[in-house]
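Inspection log for the structure reproduced underneath, given as structure tokens.
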Amino acid sequence: MPEINCTQVVASISALEDAAGGAMAPGTTLCLADGQYSNLDIDIGGAGTPEQPITVAAQNPGQVTIGGEVKVEMGGSYVVLQGFIFKDGESASSNMIATRLGSGDLCSHCRITENAIIDMDVGRDSNTKWVYDYGEFTRIDHNWFAGKTTRGALLVVDRWIPDGQDPSTAQVDYTKIDHNYFGDRAPTEGKAYADSGDNEYEAVRIGLSTTHEGDSFSVVAHNYFERIDGEAEVISNKATNNSIVHNTVRDSYGSITTRHGGNATIAHNFMFGDGHPFAGGLRLIDGGHRVVNNYIEGARYKNTTHHGGIVLMGADSSPSASGYQQLEDSLISYNTVVDSINSLNVDGGKKSKNPKDLFLVNNLIAQGIGPVLTQMGDGMPSGSEIAGNIIYGQSLADDGSNAVSGMNFVDAKLEKGNDGLWRPSDNSPNLSAVAADMGSFANVDIDMDGQARGSNTIVGADHVASGSATWFPITPDQVGPKSYTPSFSAGFVKRISLENVDFDDGGQAWSFSGSAQVSNDSDKVFSRGASAVVSGAGQLSQSVDLEANTLYTLSAFVKGPGEFGVKLANGDEFMATDDSSDFEFRSVTFNSGNNTSADIIGRMPATLSKQADIENPDFPEGTDDSDITGWETIENVGDDQGSQGLGNVGSSNNSAFGDKGSVQLGYSYPEDENSTPTLYQIIDGVLPNTEYTLSMYLLVKSTSNSTATFGAQNEAGSVTLGEKIADYDQLESSGAPESSEDGYYQASMTFNSGDNTSVRIFAQFNAESIANNPGGTEQMDSDTRKIYELRVDNFELTYEAAPSSDDEASFDGFRLVSHVGGGDS
């Protein structure tokens with residue numbers, strides 16, 4: 001740290017502001033005496049030199065706290081701001097600390113060091129930046145940044161260029177951001193989790209979308225990030241030739257992202273999800289990058305195509321300045337991804353242009369959740385060298401591939417070391433046997449620990465070697481001011497301690513009743529080989545202490561129809577439920593009221609919505625008209641029809657969903673006036689005296705006069721249990737659920753099964769509506785014949801019943817946080 005030798009000490013803000021200015025003498029060290037102050041608006045500048053910098057500092061770093069409105073602007077050269085705590089106030093302008101005095105006096109070789117900015121701008125709606133670097137050769141080091149809630153990246157390196165100027169000719173930044181603490185970057189509006197569309201809430205942003213082609217040559221190194229929850233980017237790179245090296249990210253929403261700009265070096269970063277349900281890893285865009293020796297554990301952002309452990313983003317066909325440039329010509333090597341969702345996302349975003357021409361070698365992926373390789377619909381990046389990678393997880397790829405060249409599906413059998421990192425063990429297979437050479441790229445001579453790899457190097461970020469590590473996961477006490485220890489933020493999203501949330505320790509800390517247990521069945525497990533499973537009346541629970549009158553969000557990953565939530569001490573319950581065939585993130589938000597304790601609960605709902613078995617409910621395309629599998633048809637009704645075959649029930653290529661077909665109910669007026677073409681099926685195993693809901697999707701292909709009557713009868717068809725007319729126009733105008741294909745709308749009706757254990761479900765063309773109002777716009781064969789057609793598809797018959805032993809749900813990854821407002825995301 002620069003030694004503070006005060007040439008002048010003042011004891012008030014006004015005296016400090018009067019003594020400072022834009023033309024201070026080289027060698028000046030202006031100090032503010034210890035104390036609590038408010039409202040600072042100061043310019044600092046002058047022609048300092050390396051030997052005689054211009055410094056404004058706390059007389060004793062950490063002993064000067066300034067609140068109220070704060071604005072600091074720095075210009076000139078070799079200017080230092082050191083030792084202040086800015087706390088519980090607000091920015092006096094959009095930038096709290098800026099390295100320029102007006103647009104023409106940019107700071108050169110200036111330094112911002114040993115300062116703390118804590119819980120400033122709380123409650124504001126405006127866009128603010130805490131540090132905005134306009135200068136060149138700025139060093140921002142050993143600071144403590146915590147508790148930013150407003151929109152606007154916390155720390156920005158500017159790449160603004162006047163209109164018409166070539167970015168390659170603009171001033172280069174050469175900013176160095178090192179040994180800083182970044183914490184508690186809260187989501188907007190007091191939410192527990194950011195929304196996917198939230199933007200400009202990064203911790204660090206280098207550059208601008210509009211000028212990303214310009215060189216910055218900035219370095220972000222040796223920083224510690226935790227609880228950075230504002231958006232999906234922790235560090236956002238938007239300029240060329242930058243280095244993001246040896247940073248540690250923990251318990252944060254999102255990724256380190258090369259959003260724009262080529263030739264980035266991303267190396268030796270340690271990223272830990274720590275159970276955060278939206279934790280990410282590395283997201284790569286644009287070309288020429290060197291991505292090596294990164295360790296990523298616990299990426300969890302599942303319901304997105306844009307995130308994962310390592311994401312190779314797709315590109316826009318003709319990207320605008322704010323679009324996605326093509327990922328190409330990049331080295332991605334010797335990285336380790338452990339216990340992650342979307343471990344290697346090979347075509348992030350599913351955009352019009354895929355990544356290409358990559359050198360993807362010697363990476364290691366272990367304990368992958370779900371498919372290791374995701375977004376594989378278009379295959380691996382074209383023109384790429386893919387070799388020497390060892391990957392393993394619950395399956396190889398989401399396109400069902402059994403083998404992918406250069407990807408060896410082998411369990412590396414990593415074990416957790418004393419430092420908490422998953423490392424190769426004595427049980428690991430030979431991890432050097434498949435290692436590929438580096439082609440035209442420079443060798444990666446050291447591993448993530450800074451240890452020499454040697455000629456027998458192994459795949460992944462960790463090369464097993466003896467000796468001390470020189471690179472390692474950073475902790476908060478290794479960054480920030482050296483002269484004092486700042487306080488943490490008051491915290492806007494606080495994680496509440498729960499035990500054994502991932503069931504790694506079996507059932508420890510949980511109470512189980514009924515059919516509830518910890519399972520190691522791979523079909524029922526989310527991560528690391530164990531999840532809790534309940535069925536029937538089973539339940540799991542854990543007690544937790546709460547603060548009264550506090551807003552909380554409880555979340556978990558759940559598979560199946562299970563519900564989870566809390567039961568407060570007063571008996572009130574707040575539960576979330578859904579049904580999915582795979583593990584999905586779910587959450588429930590509640591206020592504790594007067595309660596100071598609760599039980600976290602996972603169980604089956606009291607009743608489940610179940611589906612009766614209908615054969616061929618969605619009519620695969622190509623079914624023969626005379627044999628619609630599983631269904632009976634009636635085409636001739638009425639004494640006067642004889643054998644004419646009036647009315648028509650047949651298959652159609654239209655479909656409500658996907659590539660399947662549907663059934664056509666057809667009618668010609670006036671020939672078929674007495675015909676009611678009908679489709680029906682007998683459903684066995686119906687529960688007596690039970691309410692059922694029958695639904696189908698309807699499409700009209702001719703005039704709006706065409707309607708269908710659908711419902712349920714007893715097995716013989718002699719007694720109607722319930723029926724309803726489905727009118728397409730009414731369904732459309734009432735906002736009924738719409739299909740994903742061809743413009744169908746869903747019609748539903750309910751009935752009671754009575755004493756029946758089998759029922760007949762049916763749909764028939766409603767001829768009466770035509771006879772009463774023939775109308776019609778389509779004519780065939782003559783001016784008097786009009787054709788009427790509709791389509792029916794995707795029948796469902798559902799009912800509510802208590803869960804049985806065959807109904808089960810899996811739970812994993814419980815997380816409880818308190819937050820100040822808003823709802824869950």
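Residues in the structure tokens are named by chain (A, B, ... in the order shown) and by number from 1 within that chain; ligands are numbered from 1 in the order shown.
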
* Tell me, as a PyMOL selection string, which residues lie within 6 Å of A:Asp133, counting only C-alpha atoms; anything in the same chain fewer than 6 positions away does not count. => chain A and resi 98-99+157-158

Export of prior selection with all heavy atoms as a short mmCIF file (atom, residue, chain, number, x, y, z; two decimals), in the first residue's frame:
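Writing done, so here's selection.cif:
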data_model
loop_
_atom_site.label_atom_id
_atom_site.label_comp_id
_atom_site.auth_asym_id
_atom_site.auth_seq_id
_atom_site.Cartn_x
_atom_site.Cartn_y
_atom_site.Cartn_z
N ALA A 98 -15.39 8.92 -10.17
CA ALA A 98 -15.11 8.90 -11.60
C ALA A 98 -13.69 9.40 -11.84
O ALA A 98 -13.24 10.37 -11.20
CB ALA A 98 -16.10 9.78 -12.36
N THR A 99 -12.99 8.76 -12.76
CA THR A 99 -11.60 9.15 -13.04
C THR A 99 -11.53 10.13 -14.21
O THR A 99 -10.87 9.88 -15.22
CB THR A 99 -10.73 7.91 -13.30
OG1 THR A 99 -11.31 7.17 -14.37
CG2 THR A 99 -10.62 7.04 -12.07
N VAL A 157 -15.32 0.07 -16.50
CA VAL A 157 -14.20 0.62 -17.26
C VAL A 157 -14.78 1.13 -18.58
O VAL A 157 -15.34 0.36 -19.37
CB VAL A 157 -13.12 -0.44 -17.51
CG1 VAL A 157 -11.99 0.16 -18.36
CG2 VAL A 157 -12.57 -0.96 -16.19
N ASP A 158 -14.64 2.42 -18.84
CA ASP A 158 -15.30 3.05 -19.97
C ASP A 158 -14.59 2.73 -21.28
O ASP A 158 -13.38 2.65 -21.34
CB ASP A 158 -15.32 4.57 -19.77
CG ASP A 158 -16.06 5.28 -20.88
OD1 ASP A 158 -17.26 5.02 -21.02
OD2 ASP A 158 -15.44 6.07 -21.60
#

* Using only C-alpha atoms, determine which residues lie at most 6 Å from stretch 440-453 of chain A, disregarding the query and same-chain residues fewer than 4 positions distant; provide the list as JSON, numbers by chain. => {"A": [268, 293, 457, 461, 462, 463, 469, 470, 471, 472]}

* **Spatial neighbours of stretch 235-245 of chain A, 7 Å, only C-alpha atoms, chain gap at least 5 places, as a PyMOL selection string** => chain A and resi 202-209+212-222+256-269

Export C-alpha atoms of the chosen residues as an mmCIF file, in the first residue's frame?
data_model
loop_
_atom_site.group_PDB
_atom_site.id
_atom_site.type_symbol
_atom_site.label_atom_id
_atom_site.label_comp_id
_atom_site.auth_asym_id
_atom_site.auth_seq_id
_atom_site.Cartn_x
_atom_site.Cartn_y
_atom_site.Cartn_z
ATOM 1 C CA GLU A 202 -22.994 -6.668 -12.943
ATOM 2 C CA ALA A 203 -20.239 -6.344 -10.384
ATOM 3 C CA VAL A 204 -17.633 -5.430 -13.034
ATOM 4 C CA ARG A 205 -18.090 -4.364 -16.650
ATOM 5 C CA ILE A 206 -15.213 -3.591 -18.977
ATOM 6 C CA GLY A 207 -16.284 -1.596 -22.018
ATOM 7 C CA LEU A 208 -19.453 -0.933 -23.981
ATOM 8 C CA SER A 209 -21.348 -2.953 -26.573
ATOM 9 C CA HIS A 212 -16.304 -3.589 -28.048
ATOM 10 C CA GLU A 213 -13.877 -3.851 -30.983
ATOM 11 C CA GLY A 214 -11.471 -1.470 -29.290
ATOM 12 C CA ASP A 215 -8.527 -2.695 -27.227
ATOM 13 C CA SER A 216 -8.689 -2.284 -23.469
ATOM 14 C CA PHE A 217 -5.789 -4.455 -22.224
ATOM 15 C CA SER A 218 -7.360 -4.417 -18.777
ATOM 16 C CA VAL A 219 -6.849 -6.976 -16.047
ATOM 17 C CA VAL A 220 -9.328 -8.254 -13.472
ATOM 18 C CA ALA A 221 -7.286 -10.400 -11.117
ATOM 19 C CA HIS A 222 -7.159 -11.745 -7.569
ATOM 20 C CA ILE A 256 -18.057 -14.660 -16.020
ATOM 21 C CA THR A 257 -19.009 -13.581 -19.539
ATOM 22 C CA THR A 258 -17.046 -12.440 -22.575
ATOM 23 C CA ARG A 259 -20.157 -10.623 -23.761
ATOM 24 C CA HIS A 260 -18.334 -8.767 -26.567
ATOM 25 C CA GLY A 261 -14.732 -8.338 -27.583
ATOM 26 C CA GLY A 262 -12.117 -10.843 -28.640
ATOM 27 C CA ASN A 263 -8.777 -12.152 -27.413
ATOM 28 C CA ALA A 264 -9.673 -12.486 -23.743
ATOM 29 C CA THR A 265 -7.629 -14.565 -21.347
ATOM 30 C CA ILE A 266 -9.855 -16.369 -18.828
ATOM 31 C CA ALA A 267 -7.654 -18.409 -16.512
ATOM 32 C CA HIS A 268 -7.251 -19.752 -12.979
ATOM 33 C CA ASN A 269 -10.690 -18.613 -11.867
#

* In stretch 464-569 of chain A, what's strand (DSSP E or B) per DSSP? Answer as JSON, numbers by chain? -> {"A": [493, 494, 495, 496, 511, 512, 513, 516, 517, 518, 519, 531, 532, 533, 534, 535, 539, 540, 541, 542, 543, 544, 545, 551, 552, 553, 554, 555, 556, 557, 558, 559, 563, 564, 565, 566, 567, 568]}

* Asked: Contacts of A:Gly506 at 9 Å or less, counting only C-alpha atoms, minus same-chain residues fewer than 5 places along, as number ranges by chain?
  -> A: 500, 517-519, 530-532

Keeping only N, CA and C atoms, write those residues as a CSV table (one decimal), in the first residue's frame.
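Listing of out_15.csv after writing:
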chain,number,residue,atom,x,y,z
A,500,ASN,N,-27.7,-30.1,5.6
A,500,ASN,CA,-27.8,-31.3,4.7
A,500,ASN,C,-28.8,-31.1,3.7
A,517,GLN,N,-37.7,-41.3,2.3
A,517,GLN,CA,-36.4,-41.8,2.6
A,517,GLN,C,-35.4,-41.1,1.6
A,518,VAL,N,-34.1,-41.3,1.9
A,518,VAL,CA,-33.0,-40.8,1.0
A,518,VAL,C,-32.7,-42.0,0.0
A,519,SER,N,-32.8,-41.6,-1.3
A,519,SER,CA,-32.6,-42.7,-2.3
A,519,SER,C,-31.3,-42.4,-3.0
A,530,ALA,N,-27.5,-38.7,-4.3
A,530,ALA,CA,-28.5,-38.9,-3.2
A,530,ALA,C,-29.6,-37.8,-3.3
A,531,SER,N,-30.8,-38.1,-3.2
A,531,SER,CA,-31.9,-37.2,-3.1
A,531,SER,C,-33.0,-37.8,-2.2
A,532,ALA,N,-33.8,-36.9,-1.6
A,532,ALA,CA,-34.9,-37.4,-0.8
A,532,ALA,C,-36.1,-37.8,-1.7

* Asked: Which polymer residues have any atom within 8 Å of an atom of A:Pro476, counting only C-alpha atoms, with same-chain residues fewer than 3 positions away left out, as an MDAnalysis selection string?
  -> chainID A and resid 181 224 479:480

Could you produce a table of the residues of stretch 707-746 of chain A lying within 12 Å of stretch 785-805 of chain A, with the nearest pair of atoms per residue and their separation in Å rounded to one decimal, using only C-alpha atoms, ordered by chain and increasing residue number, as JSON lines?
{"residue": "A:Thr707", "atom": "CA", "partner": "A:Leu790", "partner_atom": "CA", "distance": 7.8}
{"residue": "A:Ala708", "atom": "CA", "partner": "A:Leu790", "partner_atom": "CA", "distance": 8.2}
{"residue": "A:Thr709", "atom": "CA", "partner": "A:Val792", "partner_atom": "CA", "distance": 11.1}
{"residue": "A:Phe710", "atom": "CA", "partner": "A:Val792", "partner_atom": "CA", "distance": 10.2}
{"residue": "A:Gly711", "atom": "CA", "partner": "A:Leu797", "partner_atom": "CA", "distance": 10.4}
{"residue": "A:Ala712", "atom": "CA", "partner": "A:Leu797", "partner_atom": "CA", "distance": 10.1}
{"residue": "A:Ala726", "atom": "CA", "partner": "A:Val792", "partner_atom": "CA", "distance": 10.4}
{"residue": "A:Asp727", "atom": "CA", "partner": "A:Leu790", "partner_atom": "CA", "distance": 10.7}
{"residue": "A:Tyr728", "atom": "CA", "partner": "A:Leu790", "partner_atom": "CA", "distance": 9.4}
{"residue": "A:Glu738", "atom": "CA", "partner": "A:Asn794", "partner_atom": "CA", "distance": 11.9}
{"residue": "A:Ser739", "atom": "CA", "partner": "A:Asn794", "partner_atom": "CA", "distance": 9.7}
{"residue": "A:Ser740", "atom": "CA", "partner": "A:Asn794", "partner_atom": "CA", "distance": 12.0}
{"residue": "A:Glu741", "atom": "CA", "partner": "A:Asp793", "partner_atom": "CA", "distance": 11.2}
{"residue": "A:Asp742", "atom": "CA", "partner": "A:Arg791", "partner_atom": "CA", "distance": 10.5}
{"residue": "A:Gly743", "atom": "CA", "partner": "A:Arg791", "partner_atom": "CA", "distance": 10.8}
{"residue": "A:Tyr744", "atom": "CA", "partner": "A:Arg791", "partner_atom": "CA", "distance": 8.5}
{"residue": "A:Tyr745", "atom": "CA", "partner": "A:Val792", "partner_atom": "CA", "distance": 9.7}
{"residue": "A:Gln746", "atom": "CA", "partner": "A:Asn794", "partner_atom": "CA", "distance": 8.9}

* Using only C-alpha atoms, which of A:Gln664, A:Asn5, A:Asn616, A:Asn549 sits nearest A:Gly27? ->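 Ranking A:Gln664, A:Asn5, A:Asn616, A:Asn549 by distance to A:Gly27, first place goes to A:Asn5.
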
* To do: Please provide as number ranges by chain all residues within 7 Å of A:Val459, with the sequence filter that same-chain residues fewer than 5 positions apart are discarded (counting only C-alpha atoms).
  => A: 334, 362-364, 389, 431-432, 435

* Between atom CA of A:Leu396 and atom CA of A:Ser522, measure the distance and give it in Å to one decimal. =>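 Here the two named atoms are 14.5 Å from each other.
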
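Omitting stretch 573-575 of chain A and its sequence neighbours fewer than 4 positions away, and counting only C-alpha atoms, the residues within 8 Å are Glu563, Phe564, Gly565, Val566, Lys567, Leu568, Val588, Thr589 and Phe590 of chain A.
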
Next, dump the selected residues to file, keeping only N, CA and C atoms, as a tab-separated table (two decimals), in the first residue's frame.
chain	number	residue	atom	x	y	z
A	563	GLU	N	-44.95	-31.46	-3.29
A	563	GLU	CA	-45.07	-30.09	-2.85
A	563	GLU	C	-44.11	-29.86	-1.69
A	564	PHE	N	-43.65	-28.63	-1.57
A	564	PHE	CA	-42.76	-28.31	-0.46
A	564	PHE	C	-43.06	-26.89	-0.01
A	565	GLY	N	-42.60	-26.57	1.18
A	565	GLY	CA	-42.84	-25.23	1.72
A	565	GLY	C	-42.57	-25.21	3.20
A	566	VAL	N	-43.31	-24.35	3.91
A	566	VAL	CA	-43.09	-24.20	5.34
A	566	VAL	C	-44.41	-24.30	6.09
A	567	LYS	N	-44.32	-24.81	7.29
A	567	LYS	CA	-45.42	-24.75	8.24
A	567	LYS	C	-44.93	-23.91	9.41
A	568	LEU	N	-45.50	-22.70	9.54
A	568	LEU	CA	-45.09	-21.79	10.60
A	568	LEU	C	-45.53	-22.32	11.96
A	588	VAL	N	-41.26	-20.81	-3.17
A	588	VAL	CA	-42.45	-20.29	-2.51
A	588	VAL	C	-42.00	-19.15	-1.60
A	589	THR	N	-42.73	-18.04	-1.65
A	589	THR	CA	-42.40	-16.86	-0.86
A	589	THR	C	-43.44	-16.68	0.23
A	590	PHE	N	-43.00	-16.33	1.42
A	590	PHE	CA	-43.93	-16.16	2.54
A	590	PHE	C	-43.38	-15.13	3.52

* To do: Using only C-alpha atoms, find the one residue out of A:Pro688, A:Thr7, A:Ile634, A:Thr169 that sits nearest to A:Gly666.
  =>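 When distances to A:Gly666 are compared using only C-alpha atoms, the smallest one comes from A:Ile634.
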
* **Nearest-residue call for A:Phe526, choices A:Gly370, A:Pro473, A:Pro481, A:Pro2, using only C-alpha atoms** =>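 Nearest to A:Phe526: A:Gly370.
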